[in-house]
$ cat my_file_33.tsv   # TSV, C-alpha atoms and all ligand atoms
chain	number	residue	atom	x	y	z
A	44	MET	CA	62.35	22.31	17.91
A	45	ASN	CA	62.16	18.69	16.96
A	46	HIS	CA	63.00	17.82	13.36
A	47	ASP	CA	61.77	14.23	13.06
A	48	ALA	CA	58.55	15.57	11.52
A	49	ASP	CA	57.82	13.57	8.39
A	50	ALA	CA	55.13	16.04	7.28
A	51	GLY	CA	57.63	18.93	7.45
A	52	THR	CA	58.31	21.90	9.69
A	53	VAL	CA	56.63	25.30	9.52
A	54	ASP	CA	56.57	28.49	11.53
A	55	VAL	CA	52.81	28.20	12.09
A	56	ALA	CA	50.55	25.15	11.89
A	57	VAL	CA	46.87	26.10	11.99
A	58	ALA	CA	44.53	23.29	13.04
A	59	GLY	CA	41.27	24.04	11.23
A	60	GLY	CA	40.60	25.49	7.79
A	61	GLY	CA	37.34	27.33	8.50
A	62	LEU	CA	37.04	31.09	8.13
A	63	VAL	CA	38.95	31.84	11.33
A	64	GLY	CA	41.79	29.42	10.59
A	65	LEU	CA	42.22	30.59	7.00
A	66	GLY	CA	42.06	34.26	7.98
A	67	ILE	CA	44.87	33.73	10.49
A	68	ALA	CA	46.90	31.68	8.00
A	69	TRP	CA	46.54	34.38	5.33
A	70	ARG	CA	47.61	37.20	7.67
A	71	CYS	CA	50.56	35.17	9.04
A	72	ALA	CA	51.78	34.29	5.53
A	73	GLN	CA	51.50	37.93	4.48
A	74	ARG	CA	53.89	38.74	7.32
A	75	GLY	CA	56.52	36.38	5.97
A	76	LEU	CA	55.89	33.24	8.01
A	77	SER	CA	55.71	29.71	6.60
A	78	VAL	CA	52.18	28.48	7.36
A	79	ALA	CA	50.30	25.21	6.99
A	80	VAL	CA	46.56	24.73	7.47
A	81	VAL	CA	45.69	21.21	8.56
A	82	ASP	CA	42.14	20.16	7.64
A	83	ASP	CA	40.85	17.30	5.51
A	84	ALA	CA	37.63	19.15	4.64
A	85	PRO	CA	38.21	22.91	4.98
A	86	GLY	CA	35.10	25.04	5.28
A	87	THR	CA	32.61	22.23	5.86
A	88	GLY	CA	31.94	22.99	9.52
A	89	ALA	CA	30.20	26.05	10.96
A	90	SER	CA	31.63	28.22	8.15
A	91	HIS	CA	29.53	26.20	5.69
A	92	ALA	CA	26.32	26.76	7.63
A	93	ALA	CA	26.83	30.40	8.63
A	94	GLY	CA	24.23	32.96	7.59
A	95	GLY	CA	26.96	35.58	7.10
A	96	MET	CA	25.36	38.33	9.17
A	97	LEU	CA	27.63	41.18	10.20
A	98	ALA	CA	25.18	42.49	12.74
A	99	PRO	CA	26.64	43.55	16.09
A	100	THR	CA	23.96	46.16	16.76
A	101	ALA	CA	20.97	43.92	16.00
A	102	GLU	CA	22.46	41.08	18.06
A	103	VAL	CA	23.75	43.08	21.04
A	104	GLY	CA	23.21	41.26	24.35
A	105	TYR	CA	23.15	42.45	27.97
A	106	GLY	CA	26.48	41.98	29.68
A	107	GLU	CA	28.24	41.55	26.33
A	108	GLU	CA	29.52	45.11	25.89
A	109	GLN	CA	33.17	43.98	25.50
A	110	LEU	CA	32.15	41.47	22.85
A	111	LEU	CA	30.17	44.24	21.14
A	112	GLU	CA	33.32	46.39	20.98
A	113	LEU	CA	35.28	43.56	19.37
A	114	CYS	CA	32.44	42.90	16.91
A	115	ARG	CA	32.28	46.59	16.02
A	116	ALA	CA	36.03	46.73	15.56
A	117	SER	CA	35.79	43.81	13.16
A	118	LEU	CA	32.82	45.28	11.29
A	119	ALA	CA	34.79	48.51	10.81
A	120	ARG	CA	37.59	46.47	9.22
A	121	PHE	CA	35.27	44.57	6.88
A	122	PRO	CA	35.18	46.91	3.85
A	123	ALA	CA	39.00	47.09	3.61
A	124	PHE	CA	39.33	43.38	4.43
A	125	VAL	CA	36.89	42.48	1.64
A	126	ALA	CA	38.51	44.83	-0.88
A	127	GLU	CA	41.95	43.35	-0.19
A	128	LEU	CA	40.63	39.79	-0.23
A	129	GLU	CA	38.67	40.23	-3.46
A	130	GLY	CA	41.73	41.83	-5.05
A	131	GLU	CA	44.00	38.95	-3.99
A	132	SER	CA	41.59	36.14	-4.78
A	133	GLY	CA	39.53	37.48	-7.69
A	134	ILE	CA	36.42	36.19	-5.86
A	135	ASP	CA	33.39	38.39	-5.09
A	136	VAL	CA	32.41	37.71	-1.47
A	137	GLY	CA	28.91	39.21	-1.77
A	138	LEU	CA	29.15	42.00	0.82
A	139	ARG	CA	25.65	43.51	1.15
A	140	THR	CA	25.31	46.91	2.77
A	141	ALA	CA	21.52	47.41	2.74
A	142	GLY	CA	21.33	47.15	6.53
A	143	THR	CA	19.14	45.04	8.79
A	144	CYS	CA	15.48	45.34	9.76
A	145	VAL	CA	14.37	43.89	13.09
A	146	VAL	CA	10.60	43.36	13.11
A	147	GLY	CA	8.03	42.34	15.71
A	148	PHE	CA	4.49	40.94	15.60
A	149	ASP	CA	2.63	41.23	18.87
A	150	ALA	CA	2.61	43.61	21.85
A	151	ASP	CA	5.27	41.58	23.69
A	152	ASP	CA	7.54	41.63	20.62
A	153	MET	CA	7.15	45.41	20.47
A	154	VAL	CA	8.12	45.73	24.13
A	155	ALA	CA	11.20	43.61	23.38
A	156	LEU	CA	12.06	45.83	20.39
A	157	ASP	CA	11.66	48.98	22.50
A	158	VAL	CA	13.90	47.54	25.21
A	159	LEU	CA	16.49	46.55	22.56
A	160	HIS	CA	16.29	50.02	21.00
A	161	ALA	CA	16.77	51.72	24.38
A	162	PHE	CA	19.83	49.55	25.07
A	163	GLN	CA	21.25	50.29	21.62
A	164	ARG	CA	20.79	54.03	22.17
A	165	GLU	CA	22.38	53.83	25.63
A	166	LEU	CA	25.42	52.26	23.94
A	167	GLY	CA	25.46	54.93	21.23
A	168	LEU	CA	24.56	52.46	18.46
A	169	GLY	CA	22.73	53.60	15.36
A	170	ALA	CA	19.21	52.13	15.15
A	171	GLU	CA	16.04	53.83	13.93
A	172	ARG	CA	12.51	52.99	15.12
A	173	LEU	CA	10.13	52.44	12.17
A	174	THR	CA	6.39	51.93	11.94
A	175	ALA	CA	5.06	48.85	10.14
A	176	ARG	CA	4.27	51.04	7.12
A	177	GLU	CA	7.78	52.51	7.08
A	178	VAL	CA	9.54	49.16	7.28
A	179	ARG	CA	7.35	47.77	4.49
A	180	ARG	CA	8.35	50.69	2.31
A	181	ARG	CA	11.92	49.50	2.78
A	182	GLU	CA	11.14	45.78	2.43
A	183	PRO	CA	7.82	45.39	0.57
A	184	ALA	CA	7.92	41.58	0.87
A	185	LEU	CA	7.33	41.81	4.64
A	186	THR	CA	3.87	40.81	5.82
A	187	PRO	CA	1.42	43.64	6.56
A	188	ARG	CA	0.63	41.84	9.83
A	189	LEU	CA	3.79	42.97	11.63
A	190	ARG	CA	3.53	45.71	14.27
A	191	GLY	CA	6.74	47.71	14.00
A	192	ALA	CA	10.47	47.55	13.46
A	193	LEU	CA	13.97	48.86	13.94
A	194	HIS	CA	16.27	49.63	11.03
A	195	ILE	CA	20.00	49.30	11.57
A	196	ALA	CA	21.77	50.87	8.62
A	197	GLY	CA	25.23	49.69	9.72
A	198	ASP	CA	24.52	45.94	10.11
A	199	HIS	CA	25.44	44.14	6.90
A	200	SER	CA	25.98	40.61	5.55
A	201	VAL	CA	28.43	38.67	3.44
A	202	ASP	CA	28.27	35.37	1.57
A	203	ALA	CA	30.14	33.19	4.06
A	204	ARG	CA	30.86	30.43	1.54
A	205	ALA	CA	32.26	32.89	-0.99
A	206	LEU	CA	34.28	34.47	1.82
A	207	HIS	CA	35.74	31.07	2.61
A	208	ALA	CA	36.61	30.38	-1.04
A	209	ALA	CA	38.26	33.80	-1.30
A	210	LEU	CA	40.26	33.30	1.90
A	211	ARG	CA	41.46	29.92	0.73
A	212	ALA	CA	42.53	31.32	-2.66
A	213	ALA	CA	44.24	34.36	-1.08
A	214	ALA	CA	45.97	32.19	1.50
A	215	GLU	CA	47.33	29.89	-1.20
A	216	VAL	CA	48.50	32.91	-3.24
A	217	ALA	CA	50.33	34.10	-0.11
A	218	GLY	CA	52.07	30.70	0.14
A	219	VAL	CA	49.95	28.89	2.75
A	220	LEU	CA	50.23	25.12	2.47
A	221	MET	CA	46.86	23.33	2.68
A	222	VAL	CA	47.41	19.94	4.30
A	223	PRO	CA	44.47	17.61	3.46
A	224	SER	CA	44.56	15.67	6.71
A	225	ASN	CA	42.77	15.95	10.00
A	226	ALA	CA	44.70	16.99	13.08
A	227	ALA	CA	44.61	13.79	15.16
A	228	ALA	CA	46.28	15.33	18.23
A	229	LEU	CA	48.36	18.20	19.44
A	230	TRP	CA	52.02	17.12	19.37
A	231	VAL	CA	53.32	17.89	22.84
A	232	ARG	CA	56.89	17.49	24.10
A	233	ASN	CA	57.97	18.40	27.63
A	234	GLY	CA	54.77	20.37	28.14
A	235	HIS	CA	55.28	22.43	24.96
A	236	ALA	CA	53.15	22.28	21.81
A	237	VAL	CA	55.65	21.46	19.06
A	238	GLY	CA	53.31	20.63	16.18
A	239	LEU	CA	50.40	18.49	15.13
A	240	GLU	CA	50.00	14.74	14.85
A	241	LEU	CA	48.19	13.96	11.63
A	242	ALA	CA	46.23	10.98	10.42
A	243	ARG	CA	48.20	7.76	9.75
A	244	GLY	CA	50.93	8.66	12.25
A	245	ALA	CA	52.54	11.55	10.36
A	246	ARG	CA	53.67	14.64	12.25
A	247	MET	CA	54.04	18.27	11.31
A	248	ALA	CA	56.41	20.33	13.45
A	249	ALA	CA	55.67	23.99	14.08
A	250	HIS	CA	57.12	26.81	16.11
A	251	THR	CA	53.53	27.88	16.89
A	252	VAL	CA	50.34	25.84	16.72
A	253	VAL	CA	47.10	27.80	16.31
A	254	LEU	CA	43.96	26.01	17.47
A	255	ALA	CA	41.06	27.05	15.21
A	256	LEU	CA	38.90	23.94	15.22
A	257	GLY	CA	35.67	25.71	16.13
A	258	ALA	CA	33.37	23.59	18.26
A	259	ARG	CA	35.88	20.71	18.13
A	260	SER	CA	38.74	22.75	19.61
A	261	ALA	CA	38.40	21.33	23.11
A	262	ALA	CA	38.17	17.77	21.75
A	263	LEU	CA	41.62	17.67	20.13
A	264	PRO	CA	43.71	15.20	22.17
A	265	GLY	CA	46.58	16.95	23.95
A	266	VAL	CA	44.85	20.33	24.21
A	267	PRO	CA	44.58	21.58	27.81
A	268	PRO	CA	40.98	21.86	29.14
A	269	LEU	CA	39.09	24.56	27.29
A	270	PRO	CA	35.51	25.83	27.92
A	271	VAL	CA	34.29	25.39	24.34
A	272	ARG	CA	31.10	23.41	23.73
A	273	PRO	CA	29.00	22.63	20.65
A	274	VAL	CA	25.74	24.56	20.26
A	275	LYS	CA	23.70	23.09	17.43
A	276	GLY	CA	22.24	25.32	14.75
A	277	GLN	CA	19.90	24.14	11.98
A	278	ILE	CA	19.71	26.44	8.98
A	279	LEU	CA	18.01	26.43	5.56
A	280	ARG	CA	18.81	27.67	2.05
A	281	LEU	CA	16.09	28.50	-0.45
A	282	ARG	CA	16.35	29.48	-4.09
A	283	GLY	CA	14.36	31.83	-6.30
A	284	ALA	CA	14.55	34.81	-3.91
A	285	SER	CA	16.03	37.30	-6.34
A	286	GLY	CA	14.77	40.79	-5.39
A	287	LEU	CA	12.66	39.47	-2.49
A	288	LEU	CA	14.64	41.23	0.25
A	289	GLU	CA	17.15	44.09	0.06
A	290	GLY	CA	18.88	43.40	3.34
A	291	THR	CA	18.75	41.10	6.36
A	292	VAL	CA	15.48	40.70	8.27
A	293	ARG	CA	15.51	39.52	11.86
A	294	ALA	CA	12.14	38.85	13.40
A	295	LEU	CA	10.52	38.28	16.72
A	296	VAL	CA	7.44	36.22	15.89
A	297	ARG	CA	5.46	36.21	19.12
A	298	GLY	CA	8.67	35.70	21.06
A	299	ARG	CA	10.38	33.28	18.65
A	300	GLN	CA	13.43	34.42	16.72
A	301	VAL	CA	14.15	33.85	13.04
A	302	TYR	CA	16.43	35.58	10.53
A	303	LEU	CA	16.33	35.83	6.75
A	304	VAL	CA	19.48	36.75	4.84
A	305	PRO	CA	19.54	37.30	1.06
A	306	CYS	CA	22.65	35.74	-0.37
A	307	ALA	CA	24.46	34.61	-3.53
A	308	GLY	CA	22.18	36.12	-6.18
A	309	ASP	CA	18.85	34.38	-5.74
A	310	GLN	CA	19.30	32.53	-2.46
A	311	LEU	CA	17.71	33.19	0.89
A	312	ILE	CA	19.15	31.82	4.13
A	313	VAL	CA	16.69	31.13	6.96
A	314	GLY	CA	18.11	30.45	10.39
A	315	ALA	CA	18.67	29.23	12.91
A	316	THR	CA	17.87	26.94	15.80
A	317	VAL	CA	19.96	27.18	18.98
A	318	GLU	CA	20.12	23.76	20.65
A	319	GLU	CA	22.28	22.25	23.37
A	320	LYS	CA	22.55	18.85	21.68
A	321	GLY	CA	26.30	18.18	21.58
A	322	PHE	CA	27.77	17.20	18.22
A	323	ASP	CA	24.41	16.16	16.76
A	324	GLU	CA	24.19	17.21	13.08
A	325	THR	CA	20.72	15.76	12.48
A	326	VAL	CA	18.29	17.94	10.57
A	327	THR	CA	14.95	17.44	12.28
A	328	ALA	CA	11.43	17.79	10.93
A	329	GLY	CA	10.62	20.04	13.86
A	330	GLY	CA	13.62	22.30	13.26
A	331	VAL	CA	12.82	22.76	9.56
A	332	TYR	CA	9.11	23.21	10.29
A	333	GLU	CA	9.66	25.94	12.88
A	334	LEU	CA	12.12	27.87	10.71
A	335	LEU	CA	9.85	27.74	7.65
A	336	ARG	CA	6.68	28.49	9.64
A	337	ASP	CA	8.22	31.63	11.14
A	338	ALA	CA	9.97	32.73	7.92
A	339	ILE	CA	6.71	32.43	5.95
A	340	GLU	CA	4.88	34.39	8.62
A	341	VAL	CA	7.46	37.20	8.27
A	342	VAL	CA	7.75	37.07	4.45
A	343	PRO	CA	4.79	35.18	2.93
A	344	GLY	CA	6.59	34.92	-0.43
A	345	VAL	CA	9.03	32.46	1.16
A	346	SER	CA	6.42	29.73	0.64
A	347	GLU	CA	6.98	29.97	-3.14
A	348	LEU	CA	10.74	29.43	-2.96
A	349	GLU	CA	12.58	26.20	-3.65
A	350	LEU	CA	14.02	24.59	-0.52
A	351	VAL	CA	17.49	23.50	-1.62
A	352	GLU	CA	19.37	22.80	1.59
A	353	ALA	CA	18.82	22.05	5.24
A	354	LEU	CA	21.81	21.41	7.45
A	355	ALA	CA	22.97	21.46	11.05
A	356	ARG	CA	26.38	22.35	12.43
A	357	PRO	CA	27.79	22.93	15.92
A	358	ARG	CA	28.65	26.52	16.82
A	359	PRO	CA	31.62	26.89	19.17
A	360	GLY	CA	30.01	28.18	22.36
A	361	THR	CA	31.82	29.58	25.40
A	362	PRO	CA	30.58	30.50	28.91
A	363	ASP	CA	30.40	34.23	28.03
A	364	ASN	CA	29.56	33.85	24.29
A	365	ALA	CA	32.88	35.55	23.40
A	366	PRO	CA	35.85	34.05	21.58
A	367	ILE	CA	39.02	32.76	23.21
A	368	LEU	CA	42.02	34.54	21.72
A	369	GLY	CA	45.68	34.46	22.65
A	370	ALA	CA	48.42	32.35	24.14
A	371	SER	CA	47.36	29.25	26.01
A	372	ALA	CA	49.03	28.27	29.29
A	373	MET	CA	50.89	25.66	27.19
A	374	PRO	CA	53.91	27.25	25.46
A	375	GLY	CA	53.69	27.06	21.69
A	376	LEU	CA	49.90	26.86	21.60
A	377	VAL	CA	47.78	29.86	20.54
A	378	LEU	CA	43.98	29.77	20.83
A	379	ALA	CA	41.56	31.18	18.26
A	380	CYS	CA	38.28	29.46	19.03
A	381	GLY	CA	34.89	29.87	20.69
A	382	HIS	CA	33.50	32.42	18.22
A	383	TYR	CA	29.96	31.12	18.88
A	384	ARG	CA	27.51	33.21	16.79
A	385	ASN	CA	30.08	35.65	15.42
A	386	GLY	CA	32.67	33.62	13.51
A	387	VAL	CA	32.11	35.36	10.17
A	388	LEU	CA	32.00	38.84	11.67
A	389	LEU	CA	35.07	38.30	13.86
A	390	THR	CA	37.28	36.80	11.16
A	391	PRO	CA	39.15	40.04	10.25
A	392	VAL	CA	39.88	41.11	13.82
A	393	THR	CA	40.81	37.57	14.91
A	394	ALA	CA	43.20	37.15	11.98
A	395	GLU	CA	44.85	40.48	12.74
A	396	ALA	CA	45.17	39.84	16.48
A	397	VAL	CA	46.54	36.32	16.19
A	398	ALA	CA	49.01	37.21	13.43
A	399	GLU	CA	50.27	40.10	15.56
A	400	LEU	CA	50.69	37.78	18.55
A	401	VAL	CA	52.53	35.15	16.51
A	402	VAL	CA	54.83	37.67	14.83
A	403	THR	CA	55.57	40.03	17.75
A	404	GLY	CA	54.71	37.97	20.83
A	405	ALA	CA	52.19	40.62	21.93
A	406	LEU	CA	48.42	40.45	21.56
A	407	PRO	CA	46.89	43.80	20.49
A	408	GLU	CA	45.09	45.76	23.21
A	409	PHE	CA	41.66	45.24	21.60
A	410	ALA	CA	41.96	41.46	22.02
A	411	MET	CA	43.15	41.50	25.65
A	412	PRO	CA	39.68	41.02	27.21
A	413	PHE	CA	39.39	37.69	25.36
A	414	THR	CA	42.47	35.84	26.58
A	415	PRO	CA	41.84	32.32	27.98
A	416	ASP	CA	42.88	33.25	31.53
A	417	ARG	CA	39.65	35.30	31.95
A	418	PHE	CA	37.81	32.10	32.93
A	419	GLY	CA	40.10	31.60	35.91
A	420	ARG	CA	39.92	35.20	37.11
A	501	LIG	N1	24.95	34.32	14.00
A	501	LIG	C1	23.85	33.56	13.60
A	501	LIG	C2	23.69	32.27	14.31
A	501	LIG	O1	24.50	31.89	15.11
A	501	LIG	O2	22.70	31.63	14.07

$ encode --input "my_file_33.tsv" --output "structure tokens"
Amino acid sequence: MNHDADAGTVDVAVAGGGLVGLGIAWRCAQRGLSVAVVDDAPGTGASHAAGGMLAPTAEVGYGEEQLLELCRASLARFPAFVAELEGESGIDVGLRTAGTCVVGFDADDMVALDVLHAFQRELGLGAERLTAREVRRREPALTPRLRGALHIAGDHSVDARALHAALRAAAEVAGVLMVPSNAAALWVRNGHAVGLELARGARMAAHTVVLALGARSAALPGVPPLPVRPVKGQILRLRGASGLLEGTVRALVRGRQVYLVPCAGDQLIVGATVEEKGFDETVTAGGVYELLRDAIEVVPGVSELELVEALARPRPGTPDNAPILGASAMPGLVLACGHYRNGVLLTPVTAEAVAELVVTGALPEFAMPFTPDRFGR
């Protein structure tokens, strides 16, 4: 270990103070390690935009059964994770357990819902088929024009921004040092990651560097090639939605997808576009129009709400939509990136797996399918 680090030396330097980075930092500090999180604007990336859905059953995709298992493992940890976090931080993270309704409009949407339901049942997932009348009894704000629905009692949501604030507070209580600087590069010596180079030429030495920079993970100079790419998502926040929806609504509106997530008292989140546009954070008229058009079609009362925010952030996409967890081929560098559409949901399980790896040198069995070497296999 080199000791000419003017920004100090820690056991673990985490590059990135989003949900994933803070979760890992918190768990590592709880296990007695000295930890620094390097980020000049923690929680302003994808964590800031996230809808906060904890919905592995509603979002299950063909060929993603291993990812589903990881998502379900993380969902199972959420209640205890939230209880511990709220206790440590004193911050309510807005866990909602009213479930998720998936609704459809035309005959093709209903075929898609039936196919999804059959796949869910094949995988042993809990989802109930509802008529339009039944789903409107559950969520009276839904339009009478929809054709039918699924209800998934186990798919929940959390206020991602409150979760971030709570993780930051709990991490600091546990002794994590927040370093208000961007990681400029991985500090590499003789092929080993030995810390982070910070802005203005400072360096922080670390026994282990954890890469948790979301969509920007592959762009950090010094990091070996990594199949993480930005996938743009535009998302909206509206106010005045108190009592409008009980739980999350996901909709197929004549083949187009939109979701509505009640959040933070009277807010409603409407998301999200999925665009291969690189690191473009432009909010477009077309993006906002399509989200609002579809949301109003699903819940007409949305047209009365105040539009308070429209933003775009890059999700960290990977070739198989699953995260990259575990030791990199470069000694000293651990990867915790590529969470794509599941960063909020996968925070507990990622934090647990990476802390275990850093402390014991062994990644837990449940994380083994997500190691970076899978792309070379
Ligand atoms: N998980 C929601 C999204 O990526 O839009």

$ residues_near_ligand --input "my_file_33.tsv" --ligand "ligand LIG 501 (chain A)" --cutoff "12 Å" --atoms "all atoms listed in the file" --output "PyMOL selection string"
chain A and resi 89-90+92-99+101-103+114+200-201+203+273-279+291+293+300-304+312-318+334+355-360+364+381-389

$ atom_distance --input "my_file_33.tsv" --atom1 "atom CA of Tyr105 of chain A" --atom2 "atom CA of Ala161 of chain A"
11.8 Å

$ closest_residue --input "my_file_33.tsv" --among "A:Val342, A:Leu159, A:Ala396, A:Ala258" --to "Val292 of chain A" --atoms "all atoms listed in the file"
A:Val342

$ closest_residue --input "my_file_33.tsv" --among "A:Val253, A:Thr327, A:Ala338, A:Leu311" --to "Cys380 of chain A" --atoms "all atoms listed in the file"
A:Val253

$ atom_distance --input "my_file_33.tsv" --atom1 "atom CA of Ala196 of chain A" --atom2 "atom CA of Ala141 of chain A"
6.8 Å

$ closest_residue --input "my_file_33.tsv" --among "A:Val81, A:Val178, A:Leu263, A:Leu269" --to "Leu368 of chain A" --atoms "all atoms listed in the file"
A:Leu269

$ atom_distance --input "my_file_33.tsv" --atom1 "atom CA of Ala255 of chain A" --atom2 "atom CA of Glu319 of chain A"
21.0 Å
